[in-house]
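To start, the structure itself, in structure tokens.
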Amino acid sequence: MTETKKSEWNSNLAFMMAMIGSAVGLGNIWRFPNVLYSNGGGSFMIPYIISLFLLGISFVLVEYAVGFRFKKSLARILFSVNKKLEPVAWFILLVVFLITTYYVCVVGWDLIYIFLSLTKAWGANPDLYFTNNVLHVSNSWTGMFSLVPNVFVSVLIIWFLAWFIIKRDLNDGIGKVSKILLPLLCAIVVVIVVFSLTLPGASVGYTQIFRPDWSALTNLNVWLAAFGQIVFSLSLGMAIAMTYASYLPEGSKLVDNAVIVAFSNSGFEVFNSIGIFSILGFMTFTSGIPFNELVTSGTGLAFVVFPQVFNTMGPAASIIGPLFFICILFAGITSVIALLEGVCYSISEKFLIERKKTATVVCIVGFLISTIFATDAGSIILGVFDAYLNNFSLLLAVLMECIIFGWIYKFDNLIETLNENSKLQVGKTWKTVIKYILPICIGGLWIQGVFTTITTADIFSRTIMTILTVILIVVPIIFAKLPAINKDYYNV
Ligand code: PFF
């Protein structure tokens with residue numbers, strides 16, 4: 001059997017919306033404000049902007065150029081570069097898939113909170129509510145056998161939505177959904193930010209963003225934090241940009257597109273954090289709780305601190321509360337479908353399975369894995385997955401992609417591809433960044449990540465990490481060894 005017809009974006013707008021939608025996610029909403037605050041406030045913008053150019057735009061360009069030039073899935077691209085590299089592709093895709101399984105669960109928690117926020121059903125103590133009614137925290141193995149029904153149902157709904165979108169044709173599914181959800185998301189964020197600026201005490205919060213701590217710039221960890229945020233926020237190394245760019249028609253302006261996507265993503269997170277900080281400023285003003293105790297990240301910010309704020313806000317909270325959680329839902333869904341697309345593409349290209357069937361199988365397996373996070377031990381396991389996959393595996397993926405495309409593949413081909421139709425041009429500086437600067441910076445970040453992950457892990461976490469390591473070695477090898485049904489797969 002040979003290959004089926006290739007998908008192609010029907011407009012540049014669909015591609016851009018899907019790209020921005022893939023980047024704008026939970027990381028922008030709840031990760032960025034905390035990273036910004038704990039790394040020097042206003043002065044953090046310097047390492048952040050440098051990282052945006054040096055790492056963000058540079059690496060997105062590699063992914064664009066590779067995807068556009070090869071017009072193939074990641075697995076087939078690495079096979080074409082060197083047959084021995086195919087397991088690396090399946091490793092990257094497995095990391096992405098496993099990240100998706102827990103990311104979906106967090107989006108599922110958010111879905112629950114959309115409904116809770118309508119009546120502030122979390123009560124007077126949102127912290128306790130989150131721990132007892134959503135997480136059911138237990139770090140014993142037996143906790144894995146007891147399902148949390150509401151989380152289970154919402155995880156099922158999110159997987160169903162993801163399946164419903166990606167099983168469709170590219171433009172009818174991902175393209176259309178991104179074109180609808182992204183503008184809605186931006187509109188909601190504008191409403192939240194404008195409203196938050198009118199709150200008493202808002203200036204206590206947003207001035208923190210503009211108050212620089214210049215001494216932070218001499219701290220290496222601040223630079224690593226900026227790099228880490230860019231990797232996470234732009235979804236680097238996850239084969240998303242590569243996959244989406246492979247669906248672009250001839251003549252597309254790659255460099256110009258990459259710059260717009262990267263700026264939109266960063267613009268979104270900086271703008272959104274003005275709202276988050278203002279709301280936290282309001283909380284400090286009304287409750288007297290010190291600002292630094294409120295600025296947390298992740299689930300703590302969204303599902304504990306924000307419900308606390310909504311409790312003190314009065315009637316406006318019944319509008320702003322649901323809007324805030326809907327915003328996270330939209331941002332999450334456009335990221336989930338992007339994470340899945342690259343995985344599905346490689347599987348369907350190698351094994352010649354049609355789009356709908358691949359999406360169905362991938363989503364069912366993903367859902368089954370996600371149920372682990374919908375158990376009493378779920379939130380603890382989720383934390384371990386997050387630390388291991390983000391700090392360790394994902395950075396390794398970015399590092400390997402830099403080395404493969406910077407050193408093993410003929411890099412000048414990529415420069416030629418990028419410059420072909422774009423107004424903005426790349427050259428020697430970009431080459432130096434990808435070949436030397438990026439691997440050194442990512443390597444530093446990776447060593448720091450490995451160190452933190454290992455030193456903070458207890459026995460329970462180490463066991464899960466060992467299991468993950470075995471899976472991440474064995475499964476990619478199996479996938480690479482399985483013979484391709486698509487005979488064109490071997491045409492390099
Ligand atoms: N860039 C998206 C976000 O900021 O949420 C998507 C994403 C990034 C998903 C990193 C998962 C991840 F590990």
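Chain identifiers are assigned as A, B, and so on, following the order in which chains appear in the structure tokens; residues are numbered from 1 within each chain, and ligands are numbered from 1 in order of appearance.
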
Quiz item: Can you list every residue in region 183-345 of chain A that DSSP puts in alpha helix (DSSP H), as a PyMOL selection string?
Solution: chain A and resi 183-197+202-210+220-233+240-246+254-287+291-294+298-300+306-313+317-345

Closest contacts (region 264-378 of chain A/region 134-138 of chain A, max 10 Å, only C-alpha atoms) as JSON lines:
{"residue": "A:Phe303", "atom": "CA", "partner": "A:Val134", "partner_atom": "CA", "distance": 9.8}
{"residue": "A:Phe373", "atom": "CA", "partner": "A:Leu135", "partner_atom": "CA", "distance": 9.1}
{"residue": "A:Ala374", "atom": "CA", "partner": "A:Leu135", "partner_atom": "CA", "distance": 8.1}
{"residue": "A:Thr375", "atom": "CA", "partner": "A:His136", "partner_atom": "CA", "distance": 7.8}
{"residue": "A:Asp376", "atom": "CA", "partner": "A:His136", "partner_atom": "CA", "distance": 5.0}
{"residue": "A:Ala377", "atom": "CA", "partner": "A:Ser138", "partner_atom": "CA", "distance": 4.7}
{"residue": "A:Gly378", "atom": "CA", "partner": "A:Leu135", "partner_atom": "CA", "distance": 7.2}

Mind writing the picked residues with all heavy atoms as a compact mmCIF listing (two decimals), in the first residue's frame?
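The new file result.txt reads:
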# COMPACT_ATOMS: atom_id res chain seq x y z
N PHE A 303 -7.04 27.09 40.87
CA PHE A 303 -8.13 26.40 41.56
C PHE A 303 -8.20 26.71 43.06
O PHE A 303 -9.10 26.23 43.75
CB PHE A 303 -8.03 24.89 41.33
CG PHE A 303 -8.00 24.53 39.86
CD1 PHE A 303 -7.03 23.67 39.35
CD2 PHE A 303 -8.93 25.06 38.98
CE1 PHE A 303 -6.99 23.36 37.99
CE2 PHE A 303 -8.90 24.77 37.63
CZ PHE A 303 -7.93 23.91 37.13
N PHE A 373 -4.91 9.56 36.30
CA PHE A 373 -4.90 10.86 36.98
C PHE A 373 -6.26 11.21 37.57
O PHE A 373 -6.40 12.21 38.28
CB PHE A 373 -4.46 11.97 36.00
CG PHE A 373 -3.17 11.64 35.30
CD1 PHE A 373 -3.13 11.49 33.93
CD2 PHE A 373 -2.01 11.43 36.03
CE1 PHE A 373 -1.96 11.15 33.28
CE2 PHE A 373 -0.83 11.09 35.40
CZ PHE A 373 -0.81 10.95 34.02
N ALA A 374 -7.26 10.39 37.24
CA ALA A 374 -8.60 10.65 37.79
C ALA A 374 -8.86 9.73 38.99
O ALA A 374 -10.00 9.45 39.33
CB ALA A 374 -9.65 10.43 36.71
N THR A 375 -7.77 9.25 39.61
CA THR A 375 -7.93 8.41 40.80
C THR A 375 -7.44 9.19 42.02
O THR A 375 -6.91 10.30 41.89
CB THR A 375 -7.09 7.12 40.69
OG1 THR A 375 -5.71 7.52 40.60
CG2 THR A 375 -7.46 6.31 39.46
N ASP A 376 -7.59 8.57 43.19
CA ASP A 376 -7.15 9.24 44.42
C ASP A 376 -5.65 9.55 44.41
O ASP A 376 -5.20 10.51 45.01
CB ASP A 376 -7.48 8.37 45.65
CG ASP A 376 -8.96 8.42 45.96
OD1 ASP A 376 -9.69 9.14 45.23
OD2 ASP A 376 -9.40 7.74 46.91
N ALA A 377 -4.87 8.70 43.73
CA ALA A 377 -3.42 8.95 43.69
C ALA A 377 -3.06 9.81 42.48
O ALA A 377 -1.90 10.14 42.26
CB ALA A 377 -2.68 7.62 43.61
N GLY A 378 -4.09 10.21 41.72
CA GLY A 378 -3.89 10.89 40.44
C GLY A 378 -3.06 12.16 40.51
O GLY A 378 -2.14 12.34 39.72

Quiz item: Near region 391-393 of chain A, counting only C-alpha atoms, which residues have an atom at most 7 Å away, once you skip same-chain residues fewer than 3 positions from it, shown as a list in words?
Solution: Val95, Ala387, Tyr388, Leu396, Ala397, Trp446, Gly449 and Val450 of chain A

Enumerate residues in contact with ligand 1: an atom-to-atom distance of at most 8 Å, counting only C-alpha atoms and all ligand atoms. Format the result as a PDB file with all heavy atoms, in the first residue's frame.
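New file part-v4.pdb:
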ATOM      1  N   SER A  22      -1.911  26.592  19.514  1.00  0.00           N
ATOM      2  CA  SER A  22      -1.090  25.517  20.098  1.00  0.00           C
ATOM      3  C   SER A  22      -0.163  26.077  21.173  1.00  0.00           C
ATOM      4  O   SER A  22       0.132  25.430  22.170  1.00  0.00           O
ATOM      5  CB  SER A  22      -0.261  24.836  19.007  1.00  0.00           C
ATOM      6  OG  SER A  22       0.847  25.652  18.641  1.00  0.00           O
ATOM      7  N   ALA A  23       0.297  27.305  20.960  1.00  0.00           N
ATOM      8  CA  ALA A  23       1.255  27.896  21.902  1.00  0.00           C
ATOM      9  C   ALA A  23       0.549  28.465  23.132  1.00  0.00           C
ATOM     10  O   ALA A  23       0.977  28.247  24.269  1.00  0.00           O
ATOM     11  CB  ALA A  23       2.046  28.992  21.198  1.00  0.00           C
ATOM     12  N   VAL A  24      -0.543  29.179  22.902  1.00  0.00           N
ATOM     13  CA  VAL A  24      -1.255  29.778  24.030  1.00  0.00           C
ATOM     14  C   VAL A  24      -1.992  28.670  24.793  1.00  0.00           C
ATOM     15  O   VAL A  24      -2.865  28.009  24.251  1.00  0.00           O
ATOM     16  CB  VAL A  24      -2.265  30.847  23.526  1.00  0.00           C
ATOM     17  CG1 VAL A  24      -3.164  31.306  24.652  1.00  0.00           C
ATOM     18  CG2 VAL A  24      -1.510  32.029  22.932  1.00  0.00           C
ATOM     19  N   GLY A  25      -1.578  28.456  26.019  1.00  0.00           N
ATOM     20  CA  GLY A  25      -2.197  27.382  26.802  1.00  0.00           C
ATOM     21  C   GLY A  25      -2.101  27.690  28.283  1.00  0.00           C
ATOM     22  O   GLY A  25      -1.937  28.844  28.688  1.00  0.00           O
ATOM     23  N   LEU A  26      -2.178  26.620  29.078  1.00  0.00           N
ATOM     24  CA  LEU A  26      -2.131  26.811  30.530  1.00  0.00           C
ATOM     25  C   LEU A  26      -0.847  27.526  30.935  1.00  0.00           C
ATOM     26  O   LEU A  26      -0.831  28.313  31.884  1.00  0.00           O
ATOM     27  CB  LEU A  26      -2.189  25.453  31.244  1.00  0.00           C
ATOM     28  CG  LEU A  26      -3.333  24.523  30.835  1.00  0.00           C
ATOM     29  CD1 LEU A  26      -3.288  23.246  31.659  1.00  0.00           C
ATOM     30  CD2 LEU A  26      -4.667  25.194  31.019  1.00  0.00           C
ATOM     31  N   GLY A  27       0.227  27.247  30.203  1.00  0.00           N
ATOM     32  CA  GLY A  27       1.525  27.851  30.512  1.00  0.00           C
ATOM     33  C   GLY A  27       1.487  29.367  30.478  1.00  0.00           C
ATOM     34  O   GLY A  27       2.134  30.036  31.276  1.00  0.00           O
ATOM     35  N   ASN A  28       0.718  29.916  29.556  1.00  0.00           N
ATOM     36  CA  ASN A  28       0.622  31.382  29.448  1.00  0.00           C
ATOM     37  C   ASN A  28      -0.195  31.949  30.592  1.00  0.00           C
ATOM     38  O   ASN A  28       0.072  33.037  31.082  1.00  0.00           O
ATOM     39  CB  ASN A  28      -0.080  31.786  28.155  1.00  0.00           C
ATOM     40  CG  ASN A  28       0.626  31.269  26.933  1.00  0.00           C
ATOM     41  OD1 ASN A  28       0.769  30.066  26.773  1.00  0.00           O
ATOM     42  ND2 ASN A  28       1.095  32.153  26.099  1.00  0.00           N
ATOM     43  N   ILE A  29      -1.244  31.226  30.968  1.00  0.00           N
ATOM     44  CA  ILE A  29      -2.177  31.794  31.932  1.00  0.00           C
ATOM     45  C   ILE A  29      -1.678  31.653  33.365  1.00  0.00           C
ATOM     46  O   ILE A  29      -1.709  32.600  34.128  1.00  0.00           O
ATOM     47  CB  ILE A  29      -3.580  31.183  31.752  1.00  0.00           C
ATOM     48  CG1 ILE A  29      -4.054  31.509  30.330  1.00  0.00           C
ATOM     49  CG2 ILE A  29      -4.567  31.714  32.795  1.00  0.00           C
ATOM     50  CD1 ILE A  29      -5.341  30.864  29.917  1.00  0.00           C
ATOM     51  N   ARG A  31       1.404  29.884  34.383  1.00  0.00           N
ATOM     52  CA  ARG A  31       2.822  29.676  34.641  1.00  0.00           C
ATOM     53  C   ARG A  31       3.571  30.998  34.563  1.00  0.00           C
ATOM     54  O   ARG A  31       4.381  31.326  35.423  1.00  0.00           O
ATOM     55  CB  ARG A  31       3.381  28.680  33.618  1.00  0.00           C
ATOM     56  CG  ARG A  31       4.701  28.068  34.008  1.00  0.00           C
ATOM     57  CD  ARG A  31       5.115  27.033  32.963  1.00  0.00           C
ATOM     58  NE  ARG A  31       6.282  26.300  33.377  1.00  0.00           N
ATOM     59  CZ  ARG A  31       7.517  26.722  33.184  1.00  0.00           C
ATOM     60  NH1 ARG A  31       7.736  27.869  32.595  1.00  0.00           N
ATOM     61  NH2 ARG A  31       8.542  26.004  33.590  1.00  0.00           N
ATOM     62  N   VAL A  96       5.479  13.651  24.100  1.00  0.00           N
ATOM     63  CA  VAL A  96       4.375  14.578  23.813  1.00  0.00           C
ATOM     64  C   VAL A  96       3.035  13.933  24.188  1.00  0.00           C
ATOM     65  O   VAL A  96       2.168  14.551  24.817  1.00  0.00           O
ATOM     66  CB  VAL A  96       4.390  14.976  22.312  1.00  0.00           C
ATOM     67  CG1 VAL A  96       3.166  15.785  21.947  1.00  0.00           C
ATOM     68  CG2 VAL A  96       5.652  15.758  21.991  1.00  0.00           C
ATOM     69  N   ILE A  99       2.627  13.759  27.940  1.00  0.00           N
ATOM     70  CA  ILE A  99       2.326  15.099  28.463  1.00  0.00           C
ATOM     71  C   ILE A  99       0.833  15.391  28.234  1.00  0.00           C
ATOM     72  O   ILE A  99       0.135  15.883  29.111  1.00  0.00           O
ATOM     73  CB  ILE A  99       3.217  16.172  27.785  1.00  0.00           C
ATOM     74  CG1 ILE A  99       4.648  16.069  28.311  1.00  0.00           C
ATOM     75  CG2 ILE A  99       2.651  17.583  28.011  1.00  0.00           C
ATOM     76  CD1 ILE A  99       5.637  17.066  27.722  1.00  0.00           C
ATOM     77  N   THR A 100       0.356  15.022  27.038  1.00  0.00           N
ATOM     78  CA  THR A 100      -1.057  15.288  26.729  1.00  0.00           C
ATOM     79  C   THR A 100      -1.981  14.576  27.717  1.00  0.00           C
ATOM     80  O   THR A 100      -3.009  15.137  28.117  1.00  0.00           O
ATOM     81  CB  THR A 100      -1.403  14.809  25.296  1.00  0.00           C
ATOM     82  OG1 THR A 100      -0.340  15.166  24.441  1.00  0.00           O
ATOM     83  CG2 THR A 100      -2.697  15.416  24.807  1.00  0.00           C
ATOM     84  N   TYR A 103      -2.094  16.717  30.763  1.00  0.00           N
ATOM     85  CA  TYR A 103      -2.555  18.069  30.423  1.00  0.00           C
ATOM     86  C   TYR A 103      -4.093  18.050  30.290  1.00  0.00           C
ATOM     87  O   TYR A 103      -4.791  18.930  30.769  1.00  0.00           O
ATOM     88  CB  TYR A 103      -1.897  18.465  29.102  1.00  0.00           C
ATOM     89  CG  TYR A 103      -1.892  19.938  28.759  1.00  0.00           C
ATOM     90  CD1 TYR A 103      -0.901  20.789  29.246  1.00  0.00           C
ATOM     91  CD2 TYR A 103      -2.848  20.482  27.916  1.00  0.00           C
ATOM     92  CE1 TYR A 103      -0.867  22.136  28.898  1.00  0.00           C
ATOM     93  CE2 TYR A 103      -2.817  21.821  27.566  1.00  0.00           C
ATOM     94  CZ  TYR A 103      -1.824  22.643  28.062  1.00  0.00           C
ATOM     95  OH  TYR A 103      -1.804  23.973  27.706  1.00  0.00           O
ATOM     96  N   VAL A 231      10.447  27.661  26.247  1.00  0.00           N
ATOM     97  CA  VAL A 231      10.283  26.281  25.755  1.00  0.00           C
ATOM     98  C   VAL A 231       8.848  25.818  25.996  1.00  0.00           C
ATOM     99  O   VAL A 231       8.169  25.303  25.109  1.00  0.00           O
ATOM    100  CB  VAL A 231      11.257  25.303  26.471  1.00  0.00           C
ATOM    101  CG1 VAL A 231      10.962  23.859  26.079  1.00  0.00           C
ATOM    102  CG2 VAL A 231      12.696  25.642  26.140  1.00  0.00           C
ATOM    103  N   PHE A 232       8.374  26.045  27.220  1.00  0.00           N
ATOM    104  CA  PHE A 232       7.047  25.580  27.602  1.00  0.00           C
ATOM    105  C   PHE A 232       5.969  26.322  26.830  1.00  0.00           C
ATOM    106  O   PHE A 232       5.064  25.733  26.244  1.00  0.00           O
ATOM    107  CB  PHE A 232       6.855  25.790  29.106  1.00  0.00           C
ATOM    108  CG  PHE A 232       5.682  25.040  29.669  1.00  0.00           C
ATOM    109  CD1 PHE A 232       5.847  23.796  30.249  1.00  0.00           C
ATOM    110  CD2 PHE A 232       4.403  25.575  29.596  1.00  0.00           C
ATOM    111  CE1 PHE A 232       4.759  23.099  30.750  1.00  0.00           C
ATOM    112  CE2 PHE A 232       3.307  24.887  30.092  1.00  0.00           C
ATOM    113  CZ  PHE A 232       3.485  23.650  30.680  1.00  0.00           C
ATOM    114  N   SER A 233       6.100  27.639  26.846  1.00  0.00           N
ATOM    115  CA  SER A 233       5.033  28.464  26.309  1.00  0.00           C
ATOM    116  C   SER A 233       4.895  28.339  24.794  1.00  0.00           C
ATOM    117  O   SER A 233       3.785  28.313  24.259  1.00  0.00           O
ATOM    118  CB  SER A 233       5.322  29.909  26.715  1.00  0.00           C
ATOM    119  OG  SER A 233       4.359  30.744  26.222  1.00  0.00           O
ATOM    120  N   LEU A 234       6.020  28.249  24.101  1.00  0.00           N
ATOM    121  CA  LEU A 234       5.926  28.121  22.636  1.00  0.00           C
ATOM    122  C   LEU A 234       5.796  26.651  22.196  1.00  0.00           C
ATOM    123  O   LEU A 234       5.830  26.355  21.015  1.00  0.00           O
ATOM    124  CB  LEU A 234       7.154  28.744  21.984  1.00  0.00           C
ATOM    125  CG  LEU A 234       7.097  30.244  21.670  1.00  0.00           C
ATOM    126  CD1 LEU A 234       8.433  30.723  21.127  1.00  0.00           C
ATOM    127  CD2 LEU A 234       6.003  30.572  20.663  1.00  0.00           C
ATOM    128  N   SER A 235       5.669  25.752  23.172  1.00  0.00           N
ATOM    129  CA  SER A 235       5.583  24.298  22.912  1.00  0.00           C
ATOM    130  C   SER A 235       6.723  23.832  22.006  1.00  0.00           C
ATOM    131  O   SER A 235       6.507  23.129  21.022  1.00  0.00           O
ATOM    132  CB  SER A 235       4.264  23.911  22.237  1.00  0.00           C
ATOM    133  OG  SER A 235       3.169  24.545  22.782  1.00  0.00           O
ATOM    134  N   LEU A 236       7.955  24.245  22.353  1.00  0.00           N
ATOM    135  CA  LEU A 236       9.087  23.880  21.492  1.00  0.00           C
ATOM    136  C   LEU A 236       9.417  22.391  21.599  1.00  0.00           C
ATOM    137  O   LEU A 236       9.228  21.780  22.645  1.00  0.00           O
ATOM    138  CB  LEU A 236      10.333  24.694  21.881  1.00  0.00           C
ATOM    139  CG  LEU A 236      10.221  26.201  21.762  1.00  0.00           C
ATOM    140  CD1 LEU A 236      11.558  26.865  22.047  1.00  0.00           C
ATOM    141  CD2 LEU A 236       9.741  26.616  20.376  1.00  0.00           C
ATOM    142  N   ALA A 331      -7.968  27.808  25.891  1.00  0.00           N
ATOM    143  CA  ALA A 331      -6.513  27.776  25.689  1.00  0.00           C
ATOM    144  C   ALA A 331      -6.023  26.326  25.753  1.00  0.00           C
ATOM    145  O   ALA A 331      -5.163  25.913  24.971  1.00  0.00           O
ATOM    146  CB  ALA A 331      -5.825  28.625  26.753  1.00  0.00           C
ATOM    147  N   GLY A 332      -6.593  25.560  26.682  1.00  0.00           N
ATOM    148  CA  GLY A 332      -6.171  24.166  26.863  1.00  0.00           C
ATOM    149  C   GLY A 332      -6.541  23.308  25.665  1.00  0.00           C
ATOM    150  O   GLY A 332      -5.725  22.526  25.173  1.00  0.00           O
ATOM    151  N   SER A 335      -4.425  23.671  22.618  1.00  0.00           N
ATOM    152  CA  SER A 335      -3.092  23.078  22.811  1.00  0.00           C
ATOM    153  C   SER A 335      -3.165  21.552  22.743  1.00  0.00           C
ATOM    154  O   SER A 335      -2.288  20.910  22.164  1.00  0.00           O
ATOM    155  CB  SER A 335      -2.500  23.500  24.162  1.00  0.00           C
ATOM    156  OG  SER A 335      -2.260  24.879  24.159  1.00  0.00           O
ATOM    157  N   VAL A 336      -4.211  20.970  23.326  1.00  0.00           N
ATOM    158  CA  VAL A 336      -4.345  19.507  23.318  1.00  0.00           C
ATOM    159  C   VAL A 336      -4.418  18.977  21.877  1.00  0.00           C
ATOM    160  O   VAL A 336      -3.723  18.018  21.516  1.00  0.00           O
ATOM    161  CB  VAL A 336      -5.603  19.060  24.121  1.00  0.00           C
ATOM    162  CG1 VAL A 336      -5.932  17.605  23.858  1.00  0.00           C
ATOM    163  CG2 VAL A 336      -5.399  19.297  25.600  1.00  0.00           C
ATOM    164  N   LEU A 339      -1.026  19.069  20.301  1.00  0.00           N
ATOM    165  CA  LEU A 339      -0.125  18.039  20.814  1.00  0.00           C
ATOM    166  C   LEU A 339      -0.431  16.694  20.152  1.00  0.00           C
ATOM    167  O   LEU A 339       0.472  15.924  19.824  1.00  0.00           O
ATOM    168  CB  LEU A 339      -0.286  17.908  22.337  1.00  0.00           C
ATOM    169  CG  LEU A 339       0.215  19.090  23.192  1.00  0.00           C
ATOM    170  CD1 LEU A 339      -0.350  19.033  24.605  1.00  0.00           C
ATOM    171  CD2 LEU A 339       1.728  19.122  23.249  1.00  0.00           C
ATOM    172  N   ASP A 386       4.632  15.402  35.408  1.00  0.00           N
ATOM    173  CA  ASP A 386       4.922  16.764  34.973  1.00  0.00           C
ATOM    174  C   ASP A 386       6.409  17.083  35.180  1.00  0.00           C
ATOM    175  O   ASP A 386       7.095  17.553  34.269  1.00  0.00           O
ATOM    176  CB  ASP A 386       4.034  17.735  35.763  1.00  0.00           C
ATOM    177  CG  ASP A 386       4.208  19.162  35.293  1.00  0.00           C
ATOM    178  OD1 ASP A 386       4.324  19.363  34.080  1.00  0.00           O
ATOM    179  OD2 ASP A 386       4.240  20.076  36.132  1.00  0.00           O
ATOM    180  N   LEU A 389       8.591  14.650  32.828  1.00  0.00           N
ATOM    181  CA  LEU A 389       8.477  14.854  31.381  1.00  0.00           C
ATOM    182  C   LEU A 389       8.900  16.257  30.963  1.00  0.00           C
ATOM    183  O   LEU A 389       9.528  16.444  29.933  1.00  0.00           O
ATOM    184  CB  LEU A 389       7.048  14.564  30.909  1.00  0.00           C
ATOM    185  CG  LEU A 389       6.644  13.098  31.055  1.00  0.00           C
ATOM    186  CD1 LEU A 389       5.154  12.929  30.840  1.00  0.00           C
ATOM    187  CD2 LEU A 389       7.397  12.212  30.068  1.00  0.00           C
ATOM    188  N   ASN A 390       8.573  17.257  31.792  1.00  0.00           N
ATOM    189  CA  ASN A 390       8.920  18.623  31.415  1.00  0.00           C
ATOM    190  C   ASN A 390      10.369  18.981  31.671  1.00  0.00           C
ATOM    191  O   ASN A 390      11.043  19.548  30.826  1.00  0.00           O
ATOM    192  CB  ASN A 390       8.029  19.613  32.158  1.00  0.00           C
ATOM    193  CG  ASN A 390       6.896  20.042  31.268  1.00  0.00           C
ATOM    194  OD1 ASN A 390       7.130  20.466  30.149  1.00  0.00           O
ATOM    195  ND2 ASN A 390       5.698  19.893  31.757  1.00  0.00           N
ATOM    196  N   LEU A 394      11.380  16.511  27.888  1.00  0.00           N
ATOM    197  CA  LEU A 394      11.084  17.492  26.843  1.00  0.00           C
ATOM    198  C   LEU A 394      12.331  18.281  26.455  1.00  0.00           C
ATOM    199  O   LEU A 394      12.604  18.516  25.280  1.00  0.00           O
ATOM    200  CB  LEU A 394       9.976  18.434  27.331  1.00  0.00           C
ATOM    201  CG  LEU A 394       9.448  19.407  26.304  1.00  0.00           C
ATOM    202  CD1 LEU A 394       8.940  18.665  25.082  1.00  0.00           C
ATOM    203  CD2 LEU A 394       8.332  20.257  26.887  1.00  0.00           C
TER     204      LEU A 394
END

Kindly assemble as a tab-separated table a list of the region 340-454 of chain A residues that lie within 9 Å of region 53-69 of chain A, each paired with its nearest atom pair and their distance in Å to one decimal, using only C-alpha atoms, sorted first by chain and then by ascending residue number.
residue	atom	partner	partner_atom	distance
A:Val398	CA	A:Phe59	CA	8.7
A:Glu401	CA	A:Val62	CA	8.9
A:Cys402	CA	A:Phe59	CA	8.0
A:Phe405	CA	A:Val62	CA	7.6
A:Gly406	CA	A:Val62	CA	8.9
A:Asn413	CA	A:Arg69	CA	8.6
A:Leu414	CA	A:Ala65	CA	5.5
A:Ile415	CA	A:Ala65	CA	7.8
A:Glu416	CA	A:Ala65	CA	8.9
A:Thr417	CA	A:Ala65	CA	6.1
A:Leu418	CA	A:Ala65	CA	5.9
A:Trp430	CA	A:Ser58	CA	6.7
A:Val433	CA	A:Leu54	CA	6.9
A:Ile434	CA	A:Ser58	CA	7.1
A:Ile437	CA	A:Leu54	CA	8.3
A:Leu438	CA	A:Leu55	CA	6.5
A:Cys441	CA	A:Leu55	CA	8.8
A:Ile442	CA	A:Leu55	CA	9.0

Practice problem: Just give me the gap between CA of Trp30 (chain A) and CA of Asn257 (chain A) in Å, one decimal is fine. | Solution: 25.8 Å

Quiz item: So which residues touch Tyr37 (chain A) within 8 Å, counting only C-alpha atoms, skipping near sequence neighbours fewer than 6 positions away, as a PyMOL selection string?
Solution: chain A and resi 208-209+295

Selection file, all heavy atoms, as a compact mmCIF listing (two decimals), in the first residue's frame:
# COMPACT_ATOMS: atom_id res chain seq x y z
N GLN A 208 3.81 45.58 40.20
CA GLN A 208 4.86 44.58 40.44
C GLN A 208 5.53 44.18 39.12
O GLN A 208 6.70 43.86 39.08
CB GLN A 208 4.27 43.30 41.06
CG GLN A 208 3.48 43.51 42.32
CD GLN A 208 4.38 43.67 43.53
OE1 GLN A 208 5.54 43.31 43.51
NE2 GLN A 208 3.82 44.23 44.60
N ILE A 209 4.72 44.18 38.06
CA ILE A 209 5.27 43.76 36.76
C ILE A 209 6.31 44.78 36.28
O ILE A 209 7.29 44.43 35.66
CB ILE A 209 4.17 43.66 35.68
CG1 ILE A 209 3.04 42.79 36.17
CG2 ILE A 209 4.75 43.14 34.37
CD1 ILE A 209 1.90 42.64 35.16
N VAL A 295 0.88 34.95 44.83
CA VAL A 295 1.38 34.60 43.48
C VAL A 295 1.97 33.20 43.47
O VAL A 295 3.16 33.00 43.66
CB VAL A 295 2.49 35.55 42.99
CG1 VAL A 295 2.54 35.60 41.47
CG2 VAL A 295 2.33 36.91 43.55

Quiz item: By how many Å are CA of Ala124 (chain A) and CA of Val189 (chain A) apart?
Solution: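 Atom-to-atom, CA of Ala124 (chain A) to CA of Val189 (chain A), that is 26.2 Å.
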
Exercise. Would you mind listing what lies within 8 Å of Ser252 (chain A) as an NGL selection string, with only C-alpha atoms counted and same-chain residues fewer than 2 positions away left out?
Key: :A and (12 or 248-250 or 254 or 421-422)

Quiz prompt | Residues near Leu424 (chain A), cut-off 9 Å, only C-alpha atoms, skip fewer than 5 positions along chain, as number ranges by chain | solution = A: 253-256, 419

Quiz item: Leaving out region 299-301 of chain A and any residue of its chain fewer than 3 positions from it, which residues lie within 12 Å of it when counting only C-alpha atoms, given as an MDAnalysis selection string?
Solution: chainID A and resid 26:27 29:34 103 105:110 113 126:128 130:131 134:135 276:277 279:280 293:296 304:309 324:325 328 379 382:383

Quiz item: Which distance in Å separates CA of Ile240 (chain A) and CA of Glu341 (chain A), to one decimal?
Solution: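 We find that CA of Ile240 (chain A) and CA of Glu341 (chain A) lie 7.4 Å from each other.
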
Quiz prompt | Proximity to Asn171 (chain A) - best of A:Ser266, A:Ser11, A:Asn82, A:Thr101, only C-alpha atoms | solution =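 Ranking A:Ser266, A:Ser11, A:Asn82, A:Thr101 by distance to Asn171 (chain A), first place goes to A:Ser11.
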
Quiz prompt | Pick from A:Tyr489, A:Tyr436, A:Phe152, A:Tyr247 nearest to Ile112 (chain A), counting only C-alpha atoms | solution =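 For Ile112 (chain A), the nearest of the candidates is A:Phe152.
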